[in-house]
$ cat data.cif   # mmCIF, C-alpha atoms
data_my_file
#
loop_
_atom_site.label_atom_id
_atom_site.label_comp_id
_atom_site.auth_asym_id
_atom_site.auth_seq_id
_atom_site.Cartn_x
_atom_site.Cartn_y
_atom_site.Cartn_z
CA MET A 3 16.97 10.03 24.97
CA PRO A 4 14.94 8.68 22.02
CA ASP A 5 11.68 10.38 21.05
CA PRO A 6 8.96 8.49 23.01
CA ARG A 7 6.78 8.55 19.88
CA VAL A 8 9.49 6.67 17.97
CA VAL A 9 9.73 4.15 20.81
CA ASN A 10 5.94 3.65 20.74
CA LEU A 11 5.94 3.18 16.97
CA ALA A 12 8.71 0.58 17.20
CA ARG A 13 6.81 -1.35 19.86
CA THR A 14 3.68 -1.34 17.73
CA LEU A 15 5.57 -2.55 14.64
CA VAL A 16 7.23 -5.44 16.46
CA HIS A 17 4.62 -6.57 18.99
CA TYR A 18 1.36 -5.76 17.15
CA SER A 19 2.02 -5.56 13.41
CA THR A 20 4.56 -8.35 12.85
CA ARG A 21 3.98 -10.21 16.14
CA VAL A 22 7.64 -11.27 16.36
CA GLN A 23 8.17 -14.59 18.13
CA PRO A 24 11.35 -16.07 19.67
CA GLY A 25 13.64 -17.31 16.89
CA ASP A 26 12.02 -15.24 14.10
CA ARG A 27 14.40 -13.79 11.54
CA VAL A 28 13.35 -10.18 11.03
CA ALA A 29 14.56 -8.00 8.16
CA ILE A 30 14.63 -4.27 8.93
CA ARG A 31 14.77 -2.32 5.67
CA ALA A 32 15.34 1.43 5.65
CA THR A 33 17.67 4.20 4.55
CA ALA A 34 20.20 5.71 6.93
CA LEU A 35 17.80 8.62 7.52
CA ALA A 36 15.58 6.35 9.63
CA GLU A 37 18.35 5.59 12.12
CA PRO A 38 16.29 6.51 15.26
CA LEU A 39 13.44 4.15 14.32
CA VAL A 40 15.80 1.40 13.11
CA ARG A 41 17.54 1.45 16.50
CA GLU A 42 14.28 1.08 18.42
CA VAL A 43 12.88 -1.64 16.13
CA TYR A 44 16.19 -3.51 16.49
CA ARG A 45 15.88 -3.21 20.28
CA GLU A 46 12.28 -4.44 20.34
CA VAL A 47 13.02 -7.43 18.07
CA LEU A 48 15.74 -8.52 20.50
CA ARG A 49 13.35 -8.09 23.44
CA ALA A 50 10.82 -10.29 21.61
CA GLY A 51 13.44 -13.01 21.15
CA GLY A 52 13.84 -12.48 17.40
CA HIS A 53 16.96 -12.10 15.29
CA PRO A 54 17.12 -8.58 13.76
CA HIS A 55 18.83 -8.18 10.38
CA PRO A 56 19.10 -4.51 9.34
CA PHE A 57 19.46 -3.77 5.61
CA ILE A 58 20.32 -0.09 5.35
CA SER A 59 20.48 1.78 2.04
CA LEU A 60 21.85 5.25 1.27
CA PRO A 61 20.04 8.14 -0.41
CA GLY A 62 20.74 8.24 -4.14
CA LEU A 63 21.58 4.57 -4.70
CA GLN A 64 18.37 3.91 -6.61
CA TYR A 65 19.17 6.72 -9.02
CA ILE A 66 22.68 5.38 -9.57
CA PHE A 67 21.29 1.91 -10.22
CA TYR A 68 18.69 2.94 -12.79
CA SER A 69 21.16 5.33 -14.46
CA GLU A 70 24.02 2.87 -14.76
CA ALA A 71 22.42 -0.60 -14.79
CA GLN A 72 23.00 -2.80 -17.81
CA GLU A 73 20.37 -5.23 -19.10
CA ALA A 74 21.90 -7.99 -16.98
CA HIS A 75 21.49 -5.88 -13.84
CA LEU A 76 17.84 -5.17 -14.62
CA LYS A 77 17.17 -8.90 -14.98
CA TYR A 78 19.13 -9.99 -11.90
CA VAL A 79 17.23 -11.22 -8.84
CA SER A 80 19.15 -10.53 -5.63
CA PRO A 81 19.69 -13.66 -3.54
CA VAL A 82 19.42 -11.44 -0.48
CA GLN A 83 15.91 -10.43 -1.52
CA GLU A 84 15.10 -14.08 -2.25
CA MET A 85 16.19 -15.02 1.27
CA ILE A 86 14.21 -12.22 2.95
CA LEU A 87 10.97 -12.76 1.03
CA GLY A 88 11.29 -16.52 0.64
CA GLU A 89 12.68 -17.61 4.02
CA PHE A 90 12.53 -14.97 6.77
CA GLU A 91 9.62 -14.95 9.19
CA ALA A 92 9.12 -11.17 9.33
CA MET A 93 10.04 -7.84 7.77
CA VAL A 94 9.74 -4.22 8.87
CA ASN A 95 10.01 -1.96 5.82
CA ILE A 96 10.58 1.69 6.77
CA TYR A 97 10.03 4.28 4.03
CA SER A 98 12.65 6.97 4.63
CA GLU A 99 13.62 8.63 1.35
CA ALA A 100 15.72 11.79 0.99
CA ASN A 101 14.25 12.58 -2.45
CA THR A 102 10.92 11.11 -3.50
CA ARG A 103 11.34 12.31 -7.08
CA GLU A 104 14.87 11.10 -7.83
CA LEU A 105 13.65 8.62 -10.47
CA SER A 106 11.46 11.09 -12.37
CA GLY A 107 13.94 11.34 -15.26
CA ILE A 108 14.57 7.60 -15.60
CA ASP A 109 13.28 5.73 -18.66
CA PRO A 110 10.05 4.06 -17.42
CA GLN A 111 10.85 0.93 -19.44
CA ARG A 112 13.82 0.28 -17.16
CA GLN A 113 11.55 0.33 -14.14
CA ALA A 114 9.02 -1.89 -15.93
CA THR A 115 11.79 -4.41 -16.69
CA MET A 116 12.74 -4.54 -13.01
CA ALA A 117 9.10 -5.08 -12.06
CA GLN A 118 8.95 -8.02 -14.47
CA THR A 119 12.21 -9.44 -13.09
CA TYR A 120 10.79 -9.58 -9.59
CA GLY A 121 7.35 -10.84 -10.63
CA ASP A 122 7.86 -14.43 -9.45
CA LEU A 123 9.39 -13.32 -6.17
CA MET A 124 6.44 -10.99 -5.61
CA GLN A 125 4.12 -13.97 -5.98
CA THR A 126 6.16 -15.89 -3.41
CA TYR A 127 5.94 -12.91 -1.07
CA MET A 128 2.16 -12.70 -1.41
CA ARG A 129 1.69 -16.47 -1.04
CA ARG A 130 3.74 -16.61 2.17
CA SER A 131 1.88 -13.61 3.54
CA ALA A 132 -1.46 -15.30 2.82
CA GLU A 133 -0.26 -18.50 4.49
CA GLY A 134 0.82 -16.60 7.59
CA SER A 135 4.44 -17.73 7.33
CA PHE A 136 5.71 -14.21 6.62
CA ASN A 137 4.57 -11.28 8.75
CA TRP A 138 5.49 -7.93 7.24
CA VAL A 139 4.66 -4.30 7.79
CA ILE A 140 5.37 -1.08 5.89
CA THR A 141 5.70 2.19 7.78
CA MET A 142 7.31 5.61 7.40
CA PHE A 143 9.97 7.60 9.20
CA PRO A 144 9.35 11.33 8.67
CA THR A 145 11.98 13.00 6.46
CA GLU A 146 12.30 16.44 4.90
CA ALA A 147 11.37 14.99 1.49
CA TYR A 148 8.04 13.58 2.68
CA ALA A 149 7.30 16.79 4.59
CA GLN A 150 7.91 18.82 1.42
CA ASP A 151 5.61 16.55 -0.60
CA ALA A 152 2.95 17.02 2.06
CA GLU A 153 3.54 20.80 2.06
CA MET A 154 4.31 20.82 5.78
CA SER A 155 7.26 21.65 7.96
CA LEU A 156 9.17 18.65 9.26
CA ALA A 157 7.82 19.25 12.77
CA GLU A 158 4.22 19.38 11.49
CA PHE A 159 4.76 16.26 9.42
CA GLU A 160 6.22 14.37 12.39
CA GLU A 161 3.10 15.22 14.37
CA TYR A 162 0.94 13.96 11.50
CA VAL A 163 2.80 10.65 11.20
CA TYR A 164 2.85 9.95 14.93
CA SER A 165 -0.80 10.97 15.31
CA THR A 166 -2.08 8.75 12.47
CA THR A 167 -0.14 5.76 13.86
CA TYR A 168 -1.40 6.50 17.42
CA SER A 169 2.25 6.70 18.50
CA ASP A 170 1.43 9.85 20.47
CA SER A 171 -1.17 8.00 22.59
CA ASP A 172 -0.74 6.19 25.90
CA ASP A 173 -1.51 2.77 24.37
CA ALA A 174 -1.18 2.59 20.59
CA VAL A 175 -1.89 -1.14 20.48
CA ALA A 176 -5.21 -0.67 22.29
CA GLU A 177 -6.17 2.05 19.79
CA TRP A 178 -5.50 -0.30 16.88
CA GLU A 179 -7.48 -3.07 18.56
CA ARG A 180 -10.47 -0.70 18.71
CA PHE A 181 -10.00 0.21 15.07
CA HIS A 182 -9.96 -3.50 14.18
CA ALA A 183 -13.33 -3.98 15.89
CA PHE A 184 -14.92 -1.07 13.98
CA GLN A 185 -13.80 -2.39 10.60
CA GLN A 186 -14.66 -6.00 11.42
CA LYS A 187 -18.36 -5.07 11.63
CA LEU A 188 -18.17 -3.82 8.02
CA VAL A 189 -16.28 -6.90 6.82
CA ASP A 190 -18.79 -9.21 8.52
CA TRP A 191 -21.72 -7.40 6.82
CA LEU A 192 -20.08 -7.76 3.41
CA LYS A 193 -19.51 -11.50 3.76
CA GLY A 194 -21.37 -13.46 1.08
CA LYS A 195 -22.36 -10.41 -0.96
CA LYS A 196 -22.12 -10.57 -4.76
CA GLU A 197 -22.15 -7.24 -6.59
CA VAL A 198 -20.82 -3.72 -5.99
CA VAL A 199 -22.07 -0.70 -7.94
CA VAL A 200 -20.21 2.58 -7.52
CA LYS A 201 -21.66 5.89 -8.71
CA GLY A 202 -20.65 9.49 -8.29
CA PRO A 203 -19.14 12.54 -9.96
CA HIS A 204 -15.88 10.69 -10.65
CA VAL A 205 -16.97 7.09 -11.13
CA ASP A 206 -19.62 4.90 -12.69
CA MET A 207 -18.79 1.22 -12.57
CA LYS A 208 -19.84 -2.16 -11.29
CA LEU A 209 -17.90 -5.27 -10.33
CA SER A 210 -18.47 -8.70 -8.88
CA ILE A 211 -17.27 -9.74 -5.41
CA GLU A 212 -18.98 -13.13 -5.53
CA GLY A 213 -16.86 -15.72 -3.75
CA ARG A 214 -14.35 -13.09 -2.65
CA SER A 215 -13.47 -11.97 0.88
CA PHE A 216 -13.02 -8.50 2.32
CA ILE A 217 -9.94 -8.00 4.49
CA ASN A 218 -9.79 -5.87 7.62
CA SER A 219 -6.63 -3.78 7.17
CA ASP A 220 -6.04 -2.79 10.78
CA GLY A 221 -2.36 -1.92 11.13
CA ARG A 222 -0.93 -5.41 10.73
CA LYS A 223 0.52 -4.90 7.23
CA ASN A 224 0.52 -1.12 6.93
CA MET A 225 1.21 1.35 9.70
CA PRO A 226 -0.84 3.50 9.67
CA SER A 227 -3.79 1.66 8.19
CA GLY A 228 -7.52 2.01 7.84
CA GLU A 229 -9.18 0.29 4.90
CA ILE A 230 -11.29 -2.68 3.97
CA PHE A 231 -10.41 -4.29 0.66
CA THR A 232 -11.12 -7.23 -1.61
CA GLY A 233 -10.02 -8.67 -4.94
CA PRO A 234 -12.87 -8.32 -7.44
CA VAL A 235 -13.67 -11.13 -9.87
CA GLU A 236 -11.10 -10.59 -12.59
CA ASP A 237 -13.37 -10.22 -15.63
CA SER A 238 -16.18 -8.32 -13.89
CA ALA A 239 -15.24 -4.62 -13.82
CA GLU A 240 -17.32 -2.53 -16.20
CA GLY A 241 -17.42 1.25 -16.50
CA TRP A 242 -15.10 4.18 -15.91
CA VAL A 243 -13.33 6.00 -13.11
CA HIS A 244 -11.46 9.29 -12.87
CA PHE A 245 -8.94 9.25 -10.03
CA THR A 246 -9.10 12.57 -8.23
CA TYR A 247 -5.63 12.36 -6.68
CA PRO A 248 -2.29 11.84 -8.46
CA ALA A 249 -1.18 8.22 -8.77
CA VAL A 250 2.41 7.89 -7.56
CA LEU A 251 4.58 4.89 -8.40
CA GLN A 252 8.36 4.40 -8.38
CA GLY A 253 8.94 8.09 -7.82
CA ARG A 254 6.68 9.20 -10.67
CA GLU A 255 3.53 11.25 -10.27
CA VAL A 256 0.76 10.58 -12.80
CA THR A 257 -2.09 13.07 -12.62
CA GLY A 258 -5.61 13.04 -14.04
CA VAL A 259 -5.72 9.28 -14.56
CA GLU A 260 -8.93 8.04 -16.18
CA LEU A 261 -9.60 4.38 -16.95
CA ARG A 262 -12.38 2.57 -18.77
CA PHE A 263 -13.00 -1.13 -18.13
CA GLU A 264 -14.66 -3.79 -20.24
CA GLN A 265 -14.93 -7.39 -19.02
CA GLY A 266 -12.50 -6.52 -16.24
CA ARG A 267 -9.75 -5.19 -18.50
CA VAL A 268 -8.56 -1.60 -18.92
CA VAL A 269 -9.39 -0.88 -22.57
CA GLU A 270 -8.76 2.86 -22.45
CA ALA A 271 -6.34 4.81 -20.26
CA LYS A 272 -5.32 8.42 -20.25
CA ALA A 273 -3.61 10.90 -17.96
CA GLU A 274 -2.95 14.62 -17.89
CA LYS A 275 0.69 14.15 -16.87
CA ASN A 276 3.09 11.21 -17.37
CA GLU A 277 0.67 9.27 -19.56
CA GLU A 278 3.62 7.46 -21.17
CA PHE A 279 4.60 6.02 -17.80
CA LEU A 280 0.99 4.96 -17.12
CA LEU A 281 0.77 3.09 -20.43
CA SER A 282 4.20 1.53 -19.91
CA MET A 283 3.13 0.08 -16.56
CA LEU A 284 -0.19 -1.14 -17.99
CA ASP A 285 1.76 -3.09 -20.59
CA SER A 286 4.14 -4.66 -18.05
CA ASP A 287 2.32 -7.98 -18.36
CA PRO A 288 -1.23 -9.25 -19.09
CA GLY A 289 -2.38 -8.93 -15.47
CA ALA A 290 -1.43 -5.26 -15.20
CA ARG A 291 -4.65 -4.15 -16.95
CA TYR A 292 -6.92 -5.96 -14.46
CA LEU A 293 -7.90 -5.01 -10.94
CA GLY A 294 -6.17 -6.87 -8.14
CA GLU A 295 -7.80 -4.83 -5.40
CA TRP A 296 -10.85 -2.68 -4.68
CA ALA A 297 -11.00 -0.86 -1.34
CA ILE A 298 -12.60 1.77 0.88
CA GLY A 299 -10.46 4.10 3.00
CA THR A 300 -11.77 4.46 6.56
CA ASN A 301 -9.21 6.35 8.66
CA LYS A 302 -10.47 9.88 9.36
CA LYS A 303 -7.27 10.79 11.17
CA ILE A 304 -5.71 10.56 7.70
CA ASP A 305 -7.41 13.65 6.37
CA ARG A 306 -5.19 15.08 3.62
CA PHE A 307 -3.32 14.00 0.50
CA ILE A 308 0.45 13.88 1.10
CA LYS A 309 1.59 12.12 -2.11
CA ASN A 310 2.40 8.89 -0.26
CA ILE A 311 0.17 5.89 -0.91
CA LEU A 312 0.87 4.33 2.50
CA PHE A 313 -1.23 7.14 3.97
CA ASP A 314 -3.32 8.43 1.08
CA GLU A 315 -5.17 5.22 0.24
CA LYS A 316 -6.58 5.19 3.79
CA ILE A 317 -8.09 8.68 3.64
CA GLY A 318 -11.55 8.43 5.20
CA GLY A 319 -14.11 9.15 2.48
CA THR A 320 -12.22 7.70 -0.48
CA ILE A 321 -12.08 4.49 -2.46
CA HIS A 322 -9.06 3.10 -4.25
CA MET A 323 -8.34 0.40 -6.80
CA ALA A 324 -5.08 -1.36 -7.54
CA LEU A 325 -4.09 -2.42 -11.01
CA GLY A 326 -2.12 -5.64 -11.14
CA ALA A 327 -1.38 -8.29 -8.55
CA GLY A 328 -4.23 -9.32 -6.30
CA ILE A 329 -3.95 -10.23 -2.62
CA PRO A 330 -4.42 -14.01 -2.31
CA GLU A 331 -6.30 -13.73 1.01
CA THR A 332 -9.17 -12.04 -0.84
CA GLY A 333 -9.51 -14.88 -3.34
CA SER A 334 -8.00 -12.81 -6.15
CA LYS A 335 -6.37 -14.82 -8.91
CA ASN A 336 -4.85 -11.89 -10.78
CA LYS A 337 -1.08 -12.06 -11.19
CA SER A 338 1.19 -9.24 -12.24
CA ALA A 339 4.57 -7.72 -11.49
CA ILE A 340 2.88 -4.46 -10.46
CA HIS A 341 0.39 -3.46 -7.77
CA TRP A 342 -0.53 0.19 -8.31
CA ASP A 343 -3.11 1.87 -6.07
CA MET A 344 -5.13 4.82 -7.38
CA ILE A 345 -7.49 6.95 -5.27
CA CYS A 346 -10.92 8.46 -5.93
CA ASP A 347 -12.66 10.88 -3.54
CA MET A 348 -16.25 9.94 -2.67
CA ARG A 349 -17.13 12.73 -0.24
CA ASP A 350 -18.89 14.86 -2.86
CA GLY A 351 -21.83 12.57 -3.61
CA GLY A 352 -20.21 9.21 -4.28
CA GLN A 353 -22.33 6.19 -3.44
CA ILE A 354 -21.70 2.46 -3.11
CA PHE A 355 -24.51 -0.07 -3.50
CA VAL A 356 -23.95 -3.69 -2.47
CA ASP A 357 -26.46 -6.18 -3.84
CA GLY A 358 -28.79 -3.24 -4.44
CA GLU A 359 -28.57 -1.83 -0.89
CA LEU A 360 -27.02 1.57 -0.17
CA PHE A 361 -23.87 0.73 1.79
CA TYR A 362 -22.01 4.03 1.63
CA ASP A 363 -22.89 7.63 0.82
CA SER A 364 -20.55 10.64 0.52
CA GLY A 365 -17.89 9.13 2.76
CA GLU A 366 -20.18 7.63 5.41
CA PHE A 367 -21.22 4.01 5.95
CA MET A 368 -24.99 3.58 5.96
CA ILE A 369 -25.37 0.15 7.54
#

$ encode --input "data.cif" --output "structure tokens"
Amino acid sequence: MPDPRVVNLARTLVHYSTRVQPGDRVAIRATALAEPLVREVYREVLRAGGHPHPFISLPGLQYIFYSEAQEAHLKYVSPVQEMILGEFEAMVNIYSEANTRELSGIDPQRQATMAQTYGDLMQTYMRRSAEGSFNWVITMFPTEAYAQDAEMSLAEFEEYVYSTTYSDSDDAVAEWERFHAFQQKLVDWLKGKKEVVVKGPHVDMKLSIEGRSFINSDGRKNMPSGEIFTGPVEDSAEGWVHFTYPAVLQGREVTGVELRFEQGRVVEAKAEKNEEFLLSMLDSDPGARYLGEWAIGTNKKIDRFIKNILFDEKIGGTIHMALGAGIPETGSKNKSAIHWDMICDMRDGGQIFVDGELFYDSGEFMI
């Protein structure tokens, strides 16, 4: 018998997050380690009338690729990926790695080249998502590797994943509907506002949100979720921020990241560990040094750092910013081959002022 929590998660992914309709082509992307969840998602897509297409990878293939790939491989765009992101109606992407650090020894320039190669396809992906013609969701299947990163046993980590996705509740969809309503009140209050000022022990900056929209991230695109985010005006960020948690991208952990912005652009960047990788990604393309996203994490069930951005950026009491590609729904015009989220804790005195009014103080909303 399948784990009822896995069944509940699959139902949420198909019927709430991606809203699969009869005839929809649905890509299911995972490694073989996620077999229990892949099976249940496949089942639910069929029950919804969709056409499931599983794309299953094996642990270690990424390492082989980046170790052996020639220049032509790094600049090759897979027609399979073009079909999924350019034509399919839906995608369920299940993180399920056996080793989250397998790319740590790879030359970062090779990863930057791949990011550049897929830049245009990433724009297509974001445009279709904004139009509503491509419904996608990212989730996680608990593996030993993620449990080790989180410094938990596998059993403890499974409980954490299924709790934060409400998969251990009687009606996960109803729980996410309630969460949507809570965040919508915040989004509605922010509508039409112009300037954000952020101050605290780890940040002192301001940015413009004039003409931009905040999005209610309520489990439709990420599962779990819990954030409100926007795309700041591209040339508006001024000031500095020290990210209190490691920034993880492509299997690399960059700690102690500090950025200084002038006229929206990162003009100074440093890190305590893996600074070379940070600078390499910042130089991927012109848009990589500008903010594509600014957000507030709201999910208090996500209460610890586990070195996985799917969860960590939603920690209640934090803010995060993404360098690179903006989300078109917000009004962002920034384009880049990267989208790299970095997290700053606000619970120790951080404040957010919106048009001069105190909106947020030490992790709590004041409105």

$ closest_residue --input "data.cif" --among "A:Asp173, A:Glu331, A:Glu315, A:Asp285" --to "Ala271 (chain A)" --atoms "all atoms listed in the file"
A:Asp285

$ resolve_selection --input "data.cif" --expression "the PyMOL selection byres ((chain A and resi 350) around 12)" --output "list of chain:residue names"
A:Lys201, A:Gly202, A:Pro203, A:His204, A:Val205, A:Thr246, A:Gly319, A:Thr320, A:Cys346, A:Asp347, A:Met348, A:Arg349, A:Gly351, A:Gly352, A:Gln353, A:Asp363, A:Ser364, A:Gly365, A:Glu366

$ atom_distance --input "data.cif" --atom1 "CA of Lys187 (chain A)" --atom2 "CA of His17 (chain A)"
24.2 Å

$ resolve_selection --input "data.cif" --expression "the PyMOL selection byres ((chain A and resi 330) around 12)" --output "JSON, numbers by chain"
{"A": [124, 125, 126, 127, 128, 129, 130, 131, 132, 133, 134, 214, 215, 216, 217, 231, 232, 233, 234, 294, 295, 327, 328, 329, 331, 332, 333, 334, 335, 336, 337]}

$ resolve_selection --input "data.cif" --expression "the PyMOL selection byres ((chain A and resi 318) around 7)" --output "number ranges by chain"
A: 299-302, 304-305, 316-317, 319-320, 365

$ build_atoms --input "data.cif" --residues "region 222-243 of chain A" --atoms "N, CA and C atoms" --output "CSV table (one decimal), in the coordinates of the input"
chain,number,residue,atom,x,y,z
A,222,ARG,N,-1.8,-4.2,10.7
A,222,ARG,CA,-0.9,-5.4,10.7
A,222,ARG,C,0.1,-5.3,9.6
A,223,LYS,N,-0.4,-4.9,8.4
A,223,LYS,CA,0.5,-4.9,7.2
A,223,LYS,C,1.0,-3.5,6.9
A,224,ASN,N,0.2,-2.5,7.1
A,224,ASN,CA,0.5,-1.1,6.9
A,224,ASN,C,0.4,-0.4,8.2
A,225,MET,N,1.3,0.5,8.5
A,225,MET,CA,1.2,1.4,9.7
A,225,MET,C,1.5,2.8,9.3
A,226,PRO,N,0.5,3.7,9.2
A,226,PRO,CA,-0.8,3.5,9.7
A,226,PRO,C,-1.7,2.7,8.6
A,227,SER,N,-2.9,2.3,9.1
A,227,SER,CA,-3.8,1.7,8.2
A,227,SER,C,-5.2,2.3,8.4
A,228,GLY,N,-6.2,1.5,7.8
A,228,GLY,CA,-7.5,2.0,7.8
A,228,GLY,C,-8.2,1.8,6.5
A,229,GLU,N,-8.5,0.6,6.1
A,229,GLU,CA,-9.2,0.3,4.9
A,229,GLU,C,-9.8,-1.1,5.0
A,230,ILE,N,-10.8,-1.3,4.2
A,230,ILE,CA,-11.3,-2.7,4.0
A,230,ILE,C,-11.2,-2.9,2.5
A,231,PHE,N,-10.7,-4.1,2.1
A,231,PHE,CA,-10.4,-4.3,0.7
A,231,PHE,C,-10.7,-5.7,0.3
A,232,THR,N,-10.9,-5.9,-1.0
A,232,THR,CA,-11.1,-7.2,-1.6
A,232,THR,C,-10.5,-7.3,-3.0
A,233,GLY,N,-10.5,-8.5,-3.6
A,233,GLY,CA,-10.0,-8.7,-4.9
A,233,GLY,C,-11.2,-9.0,-5.8
A,234,PRO,N,-11.7,-8.1,-6.6
A,234,PRO,CA,-12.9,-8.3,-7.4
A,234,PRO,C,-12.7,-9.5,-8.4
A,235,VAL,N,-13.7,-10.1,-8.8
A,235,VAL,CA,-13.7,-11.1,-9.9
A,235,VAL,C,-13.0,-10.5,-11.1
A,236,GLU,N,-12.0,-11.2,-11.6
A,236,GLU,CA,-11.1,-10.6,-12.6
A,236,GLU,C,-11.8,-10.0,-13.8
A,237,ASP,N,-12.8,-10.7,-14.4
A,237,ASP,CA,-13.4,-10.2,-15.6
A,237,ASP,C,-14.7,-9.4,-15.4
A,238,SER,N,-14.9,-8.9,-14.2
A,238,SER,CA,-16.2,-8.3,-13.9
A,238,SER,C,-16.3,-6.8,-14.0
A,239,ALA,N,-15.2,-6.1,-13.9
A,239,ALA,CA,-15.2,-4.6,-13.8
A,239,ALA,C,-15.8,-4.1,-15.1
A,240,GLU,N,-16.8,-3.2,-15.0
A,240,GLU,CA,-17.3,-2.5,-16.2
A,240,GLU,C,-17.5,-1.1,-15.8
A,241,GLY,N,-17.2,-0.2,-16.7
A,241,GLY,CA,-17.4,1.2,-16.5
A,241,GLY,C,-16.2,2.1,-16.5
A,242,TRP,N,-16.2,3.3,-15.9
A,242,TRP,CA,-15.1,4.2,-15.9
A,242,TRP,C,-14.9,4.8,-14.5
A,243,VAL,N,-13.7,5.3,-14.3
A,243,VAL,CA,-13.3,6.0,-13.1
A,243,VAL,C,-12.3,7.1,-13.4
